[in-house]
$ cat data07.pdb   # PDB, C-alpha atoms
ATOM      1  CA  MET A   1     -29.627  -2.645  -0.033  1.00  0.00           C
ATOM      2  CA  MET A   2     -26.084  -1.634  -0.982  1.00  0.00           C
ATOM      3  CA  HIS A   3     -25.109  -0.409  -4.427  1.00  0.00           C
ATOM      4  CA  THR A   4     -21.625  -0.219  -5.890  1.00  0.00           C
ATOM      5  CA  ALA A   5     -20.965   3.404  -6.763  1.00  0.00           C
ATOM      6  CA  VAL A   6     -17.263   3.288  -7.639  1.00  0.00           C
ATOM      7  CA  GLY A   7     -14.414   0.854  -8.013  1.00  0.00           C
ATOM      8  CA  TRP A   8     -10.765   1.275  -7.208  1.00  0.00           C
ATOM      9  CA  HIS A   9      -7.943  -0.314  -9.127  1.00  0.00           C
ATOM     10  CA  VAL A  10      -4.677  -0.899  -7.326  1.00  0.00           C
ATOM     11  CA  GLU A  11      -1.511  -1.426  -9.351  1.00  0.00           C
ATOM     12  CA  LEU A  12       1.553  -3.247  -8.030  1.00  0.00           C
ATOM     13  CA  GLU A  13       4.899  -3.366  -9.793  1.00  0.00           C
ATOM     14  CA  PHE A  14       7.994  -5.271  -8.692  1.00  0.00           C
ATOM     15  CA  GLU A  15      11.737  -4.952  -9.219  1.00  0.00           C
ATOM     16  CA  GLU A  16      13.933  -7.870  -8.180  1.00  0.00           C
ATOM     17  CA  ASP A  17      17.518  -9.015  -8.011  1.00  0.00           C
ATOM     18  CA  ASP A  18      19.060 -12.042  -6.264  1.00  0.00           C
ATOM     19  CA  GLN A  19      18.732 -10.532  -2.775  1.00  0.00           C
ATOM     20  CA  HIS A  20      16.039  -7.823  -2.893  1.00  0.00           C
ATOM     21  CA  THR A  21      12.478  -7.288  -4.034  1.00  0.00           C
ATOM     22  CA  ARG A  22      10.948  -3.827  -4.235  1.00  0.00           C
ATOM     23  CA  ALA A  23       7.247  -3.169  -4.730  1.00  0.00           C
ATOM     24  CA  ALA A  24       5.484   0.017  -5.808  1.00  0.00           C
ATOM     25  CA  ALA A  25       1.736   0.338  -5.187  1.00  0.00           C
ATOM     26  CA  LEU A  26      -0.595   2.908  -6.720  1.00  0.00           C
ATOM     27  CA  VAL A  27      -4.303   3.577  -6.359  1.00  0.00           C
ATOM     28  CA  ARG A  28      -6.162   6.201  -8.382  1.00  0.00           C
ATOM     29  CA  LEU A  29      -9.152   7.576  -6.528  1.00  0.00           C
ATOM     30  CA  PRO A  30     -12.404   8.756  -8.151  1.00  0.00           C
ATOM     31  CA  ASP A  31     -11.532  12.401  -7.390  1.00  0.00           C
ATOM     32  CA  GLY A  32      -8.460  12.059  -9.637  1.00  0.00           C
ATOM     33  CA  SER A  33      -5.928  11.938  -6.832  1.00  0.00           C
ATOM     34  CA  GLU A  34      -3.345   9.186  -6.539  1.00  0.00           C
ATOM     35  CA  VAL A  35      -1.829   7.539  -3.499  1.00  0.00           C
ATOM     36  CA  ARG A  36       1.520   5.765  -3.888  1.00  0.00           C
ATOM     37  CA  ALA A  37       3.512   3.563  -1.544  1.00  0.00           C
ATOM     38  CA  ARG A  38       6.566   1.313  -1.561  1.00  0.00           C
ATOM     39  CA  GLY A  39       7.559  -1.913   0.141  1.00  0.00           C
ATOM     40  CA  HIS A  40      10.632  -4.106   0.158  1.00  0.00           C
ATOM     41  CA  ALA A  41      11.893  -7.554   1.070  1.00  0.00           C
ATOM     42  CA  THR A  42      15.408  -8.874   1.508  1.00  0.00           C
ATOM     43  CA  ARG A  43      16.293 -12.542   1.086  1.00  0.00           C
ATOM     44  CA  HIS A  44      18.613 -13.997   3.692  1.00  0.00           C
ATOM     45  CA  ARG A  45      21.699 -15.492   2.057  1.00  0.00           C
ATOM     46  CA  THR A  46      20.878 -18.978   3.390  1.00  0.00           C
ATOM     47  CA  ASP A  47      17.319 -18.964   2.002  1.00  0.00           C
ATOM     48  CA  SER A  48      16.565 -20.460  -1.389  1.00  0.00           C
ATOM     49  CA  ASN A  49      15.766 -18.003  -4.175  1.00  0.00           C
ATOM     50  CA  GLN A  50      11.954 -17.906  -4.338  1.00  0.00           C
ATOM     51  CA  PRO A  51      10.931 -14.637  -6.039  1.00  0.00           C
ATOM     52  CA  ARG A  52       7.206 -15.191  -5.378  1.00  0.00           C
ATOM     53  CA  ILE A  53       7.786 -15.022  -1.622  1.00  0.00           C
ATOM     54  CA  GLY A  54       9.755 -11.791  -1.967  1.00  0.00           C
ATOM     55  CA  GLU A  55       6.930 -10.353  -4.050  1.00  0.00           C
ATOM     56  CA  GLU A  56       4.350 -11.331  -1.441  1.00  0.00           C
ATOM     57  CA  ILE A  57       6.320  -9.711   1.383  1.00  0.00           C
ATOM     58  CA  ALA A  58       7.248  -6.552  -0.540  1.00  0.00           C
ATOM     59  CA  GLY A  59       3.724  -6.297  -1.969  1.00  0.00           C
ATOM     60  CA  ALA A  60       2.114  -6.704   1.446  1.00  0.00           C
ATOM     61  CA  ARG A  61       4.365  -4.011   2.890  1.00  0.00           C
ATOM     62  CA  ALA A  62       3.520  -1.634   0.043  1.00  0.00           C
ATOM     63  CA  LEU A  63      -0.212  -2.304   0.443  1.00  0.00           C
ATOM     64  CA  ASN A  64       0.041  -1.812   4.205  1.00  0.00           C
ATOM     65  CA  GLU A  65       1.707   1.565   3.661  1.00  0.00           C
ATOM     66  CA  LEU A  66      -0.960   2.415   1.079  1.00  0.00           C
ATOM     67  CA  ALA A  67      -3.677   1.557   3.602  1.00  0.00           C
ATOM     68  CA  MET A  68      -2.088   3.766   6.265  1.00  0.00           C
ATOM     69  CA  GLN A  69      -1.864   6.685   3.835  1.00  0.00           C
ATOM     70  CA  LEU A  70      -5.532   6.253   2.890  1.00  0.00           C
ATOM     71  CA  LEU A  71      -6.531   6.209   6.573  1.00  0.00           C
ATOM     72  CA  THR A  72      -4.557   9.404   7.174  1.00  0.00           C
ATOM     73  CA  LYS A  73      -6.115  11.029   4.094  1.00  0.00           C
ATOM     74  CA  ALA A  74      -9.622  10.114   5.266  1.00  0.00           C
ATOM     75  CA  HIS A  75      -8.875  11.344   8.790  1.00  0.00           C
ATOM     76  CA  ASP A  76      -7.618  14.694   7.451  1.00  0.00           C
ATOM     77  CA  GLU A  77     -10.701  15.037   5.232  1.00  0.00           C
ATOM     78  CA  ILE A  78     -13.007  14.339   8.200  1.00  0.00           C
ATOM     79  CA  ASP A  79     -11.246  17.050  10.208  1.00  0.00           C
ATOM     80  CA  GLN A  80     -11.400  19.509   7.327  1.00  0.00           C
ATOM     81  CA  ALA A  81     -15.104  18.888   6.635  1.00  0.00           C
ATOM     82  CA  SER A  82     -16.138  19.003  10.292  1.00  0.00           C
ATOM     83  CA  GLY A  83     -13.920  21.887  11.408  1.00  0.00           C
ATOM     84  CA  ARG A  84     -12.755  19.935  14.444  1.00  0.00           C
ATOM     85  CA  ILE A  85     -10.162  17.341  15.334  1.00  0.00           C
ATOM     86  CA  SER A  86     -11.639  13.863  15.139  1.00  0.00           C
ATOM     87  CA  HIS A  87     -10.615  10.706  16.922  1.00  0.00           C
ATOM     88  CA  PRO A  88      -7.768   8.788  15.257  1.00  0.00           C
ATOM     89  CA  ILE A  89      -8.784   6.030  12.873  1.00  0.00           C
ATOM     90  CA  HIS A  90      -7.372   2.731  14.095  1.00  0.00           C
ATOM     91  CA  VAL A  91      -6.742  -0.351  12.043  1.00  0.00           C
TER      92      VAL A  91
END

$ encode --input "data07.pdb" --output "structure tokens"
Amino acid sequence: MMHTAVGWHVELEFEEDDQHTRAAALVRLPDGSEVRARGHATRHRTDSNQPRIGEEIAGARALNELAMQLLTKAHDEIDQASGRISHPIHV
């Protein structure tokens, strides 16, 4: 039986203009550390202005970068705890 021990809250914030959307992602971990990442999207001049789509793309890119940083952090912690170099963590 699995029990929930902790929860993570991820925050996403967006900045937009007519052509660009920027996203900033943040997760605070139970040990007090924070991991931050950014993503962006650029609207092609012939595309209609649909901010939600820019947010989805920029947000996904920020979350993807956040995920990669968390994998690297976990990999480094495995190496540090075990005293050896572990196999890379693949997505």

$ closest_residue --input "data07.pdb" --among "A:Leu70, A:Met1, A:Ile57, A:Ile78" --to "A:Glu34" --atoms "all atoms listed in the file"
A:Leu70

$ residues_around --input "data07.pdb" --residues "A:Asp17" --least-positions-apart "3" --cutoff "10 Å" --atoms "all atoms listed in the file" --output "JSON list (two decimals) with C-alpha atoms, in the frame of the given file"
[["chain", "number", "residue", "atom", "x", "y", "z"],
["A", 20, "HIS", "CA", 16.04, -7.82, -2.89],
["A", 21, "THR", "CA", 12.48, -7.29, -4.03],
["A", 22, "ARG", "CA", 10.95, -3.83, -4.24],
["A", 42, "THR", "CA", 15.41, -8.87, 1.51],
["A", 43, "ARG", "CA", 16.29, -12.54, 1.09],
["A", 49, "ASN", "CA", 15.77, -18.00, -4.18],
["A", 51, "PRO", "CA", 10.93, -14.64, -6.04]]

$ atom_distance --input "data07.pdb" --atom1 "atom CA of A:Val10" --atom2 "atom CA of A:Leu26"
5.6 Å

$ resolve_selection --input "data07.pdb" --expression "the PyMOL selection byres ((chain A and resi 7) around 12)" --output "VMD selection string"
chain A and resid 3 to 6 8 to 10 27 to 31

$ atom_distance --input "data07.pdb" --atom1 "atom CA of A:Asp18" --atom2 "atom CA of A:Arg45"
9.4 Å

$ atom_distance --input "data07.pdb" --atom1 "atom CA of A:Ser33" --atom2 "atom CA of A:Ala81"
17.7 Å

$ closest_residue --input "data07.pdb" --among "A:Ala23, A:Ala37, A:Ile89, A:Met2" --to "A:Gln69" --atoms "only C-alpha atoms"
A:Ala37
